[in-house]
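Okay, so here's the structure we're looking at.
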Amino acid sequence: MKIVELVLDEEQDSFIEAISVVEYPAIESDFVALKSQEFKFAQADKDRKILIGPILIPNKPIFRKNGEEEYYIYFSRDTVQKASQLYLKQGNQSNSTLEHNSKIEGLTLVESWLVEDKQNDKSNMFGMDLPLGSWVGAIKVENDEIWNDYVKTGKVKGFSIEGYFANKAELSKQNEDTILLNQLKELLTNV
């Protein structure tokens with residue numbers, strides 16, 4: 001079965017546009033919903049409404065099907081790092097969708113980090129065992145409908161990204177074609 005590395009397409013103006021809360025995350029890793037039972041806070045913080053989990057995991061094969069074609073995609077550690085930085089740089093912290101279908105308000109990425117030390121990473125506090133280079137985020141949910149009807153009921157269990165990526169092999173081929181075309185143009189101009 002074909003395995004495709006996805007990379008950021010530098011030709012795009014936008015990369016990751018939203019983080020979606022979904023029932024079945026493609027990275028096969030659920031988030032942790034932080035509630036009053038996990039931490040003892042003052043009565044005013046009875047329910048924190050924060051979801052913490054991996055957003056992207058490097059080198060994790062993700063099954064895809066396009067018509068009859070079945071294949072796997074993955075993101076390198078470098079691509080995960082660039083994607084996490086560009087998401088914040090482009091100011092997309094409050095862009096969220098439900099199951100990649102409908103835009104939802106009231107969800108904001110309030111923490112974002114890359115796992116750089118497995119033993120001392122904050123994700124360990126929440127029982128996650130993530131590979132180095134994983135992008136982890138904490139999303140504050142200030143949308144009662146999403147919290148009550150989806151998070152508390154278990155209808156959503158993890159994060160999934162929405163963005164523009166390119167197939168590395170196809171992008172390399174396009175770059176090679178462009179280089180050859182430019183070399184041919186240069187040769188013709190010099191004749």
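Lettering and numbering for the structure tokens are positional, with chains as A, B, ... in the shown order, residues counted from 1 in each chain, and ligands counted from 1 in the shown order.
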
Could you list, as JSON, numbers by chain, every residue within 7 Å of stretch 70-83 of chain A, counting only C-alpha atoms and ignoring same-chain residues fewer than 4 positions away? {"A": [1, 2, 3, 4, 5, 6, 7, 8, 16, 56, 58, 59, 60, 61, 62, 63, 64, 65, 66, 87, 133, 135]}

Prev. selection, N, CA and C atoms, output as an mmCIF file, in the first residue's frame:
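Generated file (out-v2.cif):
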```cif
data_model
loop_
_atom_site.group_PDB
_atom_site.id
_atom_site.type_symbol
_atom_site.label_atom_id
_atom_site.label_comp_id
_atom_site.auth_asym_id
_atom_site.auth_seq_id
_atom_site.Cartn_x
_atom_site.Cartn_y
_atom_site.Cartn_z
ATOM 1 N N MET A 1 0.842 -1.171 0.000
ATOM 2 C CA MET A 1 0.000 0.000 0.000
ATOM 3 C C MET A 1 0.894 1.243 0.000
ATOM 4 N N LYS A 2 0.475 2.246 -0.724
ATOM 5 C CA LYS A 2 1.241 3.478 -0.873
ATOM 6 C C LYS A 2 1.289 4.256 0.456
ATOM 7 N N ILE A 3 2.457 4.844 0.745
ATOM 8 C CA ILE A 3 2.641 5.700 1.914
ATOM 9 C C ILE A 3 3.102 7.059 1.400
ATOM 10 N N VAL A 4 2.381 8.124 1.789
ATOM 11 C CA VAL A 4 2.622 9.463 1.275
ATOM 12 C C VAL A 4 3.000 10.401 2.415
ATOM 13 N N GLU A 5 4.143 11.082 2.279
ATOM 14 C CA GLU A 5 4.508 12.096 3.267
ATOM 15 C C GLU A 5 3.874 13.414 2.848
ATOM 16 N N LEU A 6 3.128 14.027 3.758
ATOM 17 C CA LEU A 6 2.557 15.336 3.492
ATOM 18 C C LEU A 6 3.461 16.408 4.080
ATOM 19 N N VAL A 7 3.648 17.483 3.334
ATOM 20 C CA VAL A 7 4.492 18.596 3.755
ATOM 21 C C VAL A 7 3.709 19.881 3.575
ATOM 22 N N LEU A 8 4.207 20.948 4.170
ATOM 23 C CA LEU A 8 3.586 22.249 3.979
ATOM 24 C C LEU A 8 3.880 22.720 2.568
ATOM 25 N N ILE A 16 -2.666 25.420 8.226
ATOM 26 C CA ILE A 16 -3.707 24.801 9.041
ATOM 27 C C ILE A 16 -4.701 25.892 9.398
ATOM 28 N N LEU A 56 -1.141 16.819 16.377
ATOM 29 C CA LEU A 56 -0.449 16.085 15.301
ATOM 30 C C LEU A 56 0.672 15.251 15.919
ATOM 31 N N PRO A 58 4.064 13.093 14.820
ATOM 32 C CA PRO A 58 4.950 12.846 13.681
ATOM 33 C C PRO A 58 5.116 11.362 13.383
ATOM 34 N N ASN A 59 5.253 11.094 12.093
ATOM 35 C CA ASN A 59 5.540 9.748 11.569
ATOM 36 C C ASN A 59 4.462 8.719 11.913
ATOM 37 N N LYS A 60 3.269 9.165 12.250
ATOM 38 C CA LYS A 60 2.157 8.262 12.558
ATOM 39 C C LYS A 60 1.414 7.965 11.256
ATOM 40 N N PRO A 61 1.367 6.712 10.823
ATOM 41 C CA PRO A 61 0.627 6.384 9.598
ATOM 42 C C PRO A 61 -0.872 6.604 9.812
ATOM 43 N N ILE A 62 -1.478 7.357 8.892
ATOM 44 C CA ILE A 62 -2.905 7.670 8.967
ATOM 45 C C ILE A 62 -3.559 7.119 7.705
ATOM 46 N N PHE A 63 -4.475 6.179 7.887
ATOM 47 C CA PHE A 63 -5.134 5.523 6.748
ATOM 48 C C PHE A 63 -6.056 6.511 6.039
ATOM 49 N N ARG A 64 -6.042 6.487 4.723
ATOM 50 C CA ARG A 64 -6.914 7.313 3.901
ATOM 51 C C ARG A 64 -7.455 6.472 2.758
ATOM 52 N N LYS A 65 -8.632 6.846 2.310
ATOM 53 C CA LYS A 65 -9.248 6.182 1.157
ATOM 54 C C LYS A 65 -9.838 7.268 0.273
ATOM 55 N N ASN A 66 -9.453 7.241 -0.995
ATOM 56 C CA ASN A 66 -9.954 8.191 -1.976
ATOM 57 C C ASN A 66 -10.554 7.379 -3.115
ATOM 58 N N TYR A 87 0.304 27.837 12.563
ATOM 59 C CA TYR A 87 -1.082 27.926 13.055
ATOM 60 C C TYR A 87 -1.219 29.115 14.010
ATOM 61 N N GLY A 133 8.362 15.245 19.333
ATOM 62 C CA GLY A 133 7.908 16.027 18.191
ATOM 63 C C GLY A 133 6.401 16.141 18.069
ATOM 64 N N TRP A 135 2.728 17.479 18.542
ATOM 65 C CA TRP A 135 2.147 18.791 18.832
ATOM 66 C C TRP A 135 0.964 18.559 19.758
#
```

Against stretch 108-111 of chain A, which residues of stretch 118-138 of chain A fall within 10 Å? For each one I want the closest pair of atoms and the distance in Å (one decimal), counting only C-alpha atoms, rows by chain and increasing residue number, as a tab-separated table.
```
residue	atom	partner	partner_atom	distance
A:Val136	CA	A:Glu111	CA	8.2
A:Gly137	CA	A:Glu111	CA	5.4
A:Ala138	CA	A:Glu111	CA	4.9
```

Write a file of the selected residues as a tab-separated table (two decimals), in the first residue's frame, keeping all heavy atoms.
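Printed below is result_23.tsv as written:
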```
chain	number	residue	atom	x	y	z
A	136	VAL	N	1.03	19.13	20.95
A	136	VAL	CA	-0.02	18.97	21.95
A	136	VAL	C	-0.65	20.32	22.21
A	136	VAL	O	0.03	21.35	22.18
A	136	VAL	CB	0.57	18.41	23.28
A	136	VAL	CG1	-0.54	18.13	24.28
A	136	VAL	CG2	1.38	17.15	23.02
A	137	GLY	N	-1.96	20.32	22.44
A	137	GLY	CA	-2.64	21.58	22.70
A	137	GLY	C	-3.68	21.46	23.78
A	137	GLY	O	-4.19	20.38	24.08
A	138	ALA	N	-3.97	22.61	24.39
A	138	ALA	CA	-5.06	22.73	25.36
A	138	ALA	C	-6.07	23.70	24.77
A	138	ALA	O	-5.71	24.83	24.43
A	138	ALA	CB	-4.53	23.24	26.69
```

What is the distance between atom CA of A:Asn148 and atom CA of A:Ser123, in Å to one decimal?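 Going from atom CA of A:Asn148 over to atom CA of A:Ser123, I get 24.3 Å.
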
Identify, on the basis of only C-alpha atoms, every residue whose closest approach to A:Glu17 does not exceed 7 Å; exclude the query and any residue fewer than 5 positions from it along the same chain; express the result as a list in words. Asn92, Asn95, Glu162 and Gly163 of chain A

Just to be explicit: take each residue in the selection above, keep N, CA, C and O atoms, and write the result as a PDB file, in the first residue's frame.
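Written file, selection_35.pdb:
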```pdb
ATOM      1  N   ASN A  92      -4.811  31.655  14.141  1.00  0.00           N
ATOM      2  CA  ASN A  92      -5.966  30.759  13.985  1.00  0.00           C
ATOM      3  C   ASN A  92      -6.413  30.096  15.285  1.00  0.00           C
ATOM      4  O   ASN A  92      -7.180  29.141  15.258  1.00  0.00           O
ATOM      5  N   ASN A  95     -10.099  29.235  15.563  1.00  0.00           N
ATOM      6  CA  ASN A  95     -10.765  28.585  14.430  1.00  0.00           C
ATOM      7  C   ASN A  95     -10.997  27.117  14.758  1.00  0.00           C
ATOM      8  O   ASN A  95     -10.049  26.352  14.882  1.00  0.00           O
ATOM      9  N   GLU A 162      -7.398  20.761  10.020  1.00  0.00           N
ATOM     10  CA  GLU A 162      -7.867  21.103   8.683  1.00  0.00           C
ATOM     11  C   GLU A 162      -6.830  22.023   8.079  1.00  0.00           C
ATOM     12  O   GLU A 162      -6.513  23.058   8.662  1.00  0.00           O
ATOM     13  N   GLY A 163      -6.276  21.643   6.948  1.00  0.00           N
ATOM     14  CA  GLY A 163      -5.259  22.492   6.372  1.00  0.00           C
ATOM     15  C   GLY A 163      -4.861  22.075   4.974  1.00  0.00           C
ATOM     16  O   GLY A 163      -5.412  21.135   4.400  1.00  0.00           O
TER      17      GLY A 163
END
```

Write down as a list in words the residues belonging to stretch 41-150 of chain A that are assigned helix (DSSP H, G or I) by DSSP computed on the backbone.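 Secondary structure check on stretch 41-150 of chain A, helix (DSSP H, G or I): Gln43, Ala44, Asp45, Arg77, Asp78, Thr79, Val80, Gln81, Lys82, Ala83, Ser84, Gln85, Leu86, Tyr87, Leu88, Lys89, Lys122, Ser123, Asn124, Met125, Phe126, Asp144, Glu145, Ile146, Trp147, Asn148, Asp149 and Tyr150 of chain A.
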
Could you pull out the residues in stretch 77-137 of chain A that DSSP calls strand (DSSP E) from the backbone, as a ChimeraX atom specification? /A:96-98,102-104,107-114,135-137

Let's have the selection written as a CSV table (one decimal), in the first residue's frame, with C-alpha atoms.
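selection-v9.csv written:
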```csv
chain,number,residue,atom,x,y,z
A,96,SER,CA,-12.6,25.4,15.3
A,97,THR,CA,-15.0,23.0,13.6
A,98,LEU,CA,-17.2,20.1,14.6
A,102,SER,CA,-19.5,23.1,10.7
A,103,LYS,CA,-17.6,26.1,12.1
A,104,ILE,CA,-18.1,26.5,15.9
A,107,LEU,CA,-13.2,27.1,21.4
A,108,THR,CA,-9.7,28.6,21.7
A,109,LEU,CA,-6.3,27.0,21.7
A,110,VAL,CA,-4.9,28.4,25.0
A,111,GLU,CA,-1.7,26.3,25.2
A,112,SER,CA,0.4,24.7,22.5
A,113,TRP,CA,3.7,22.8,22.8
A,114,LEU,CA,5.9,20.2,21.1
A,135,TRP,CA,2.1,18.8,18.8
A,136,VAL,CA,0.0,19.0,22.0
A,137,GLY,CA,-2.6,21.6,22.7
```

Please report the interatomic distance between atom CA of A:Thr153 and atom CA of A:Asp129 in Å with one decimal.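 Atom CA of A:Asp129 lies at a distance of 24.3 Å from atom CA of A:Thr153.
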
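The two atoms in question, atom CA of A:Ile19 and atom CA of A:Ser160, are spaced 5.8 Å apart.
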
Taking only C-alpha atoms into account, name the residue in A:Val151, A:Leu86, A:Ile139, A:Val156 that is nearest to A:Ile55.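 The closest residue to A:Ile55 is A:Ile139.
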
Using only C-alpha atoms, which protein or nucleic acid residues come within 7 Å of A:Glu23? Drop anything in the same chain fewer than 3 positions from it, and give the result as a list in words. Lys155, Val156, Lys157 and Gly158 of chain A
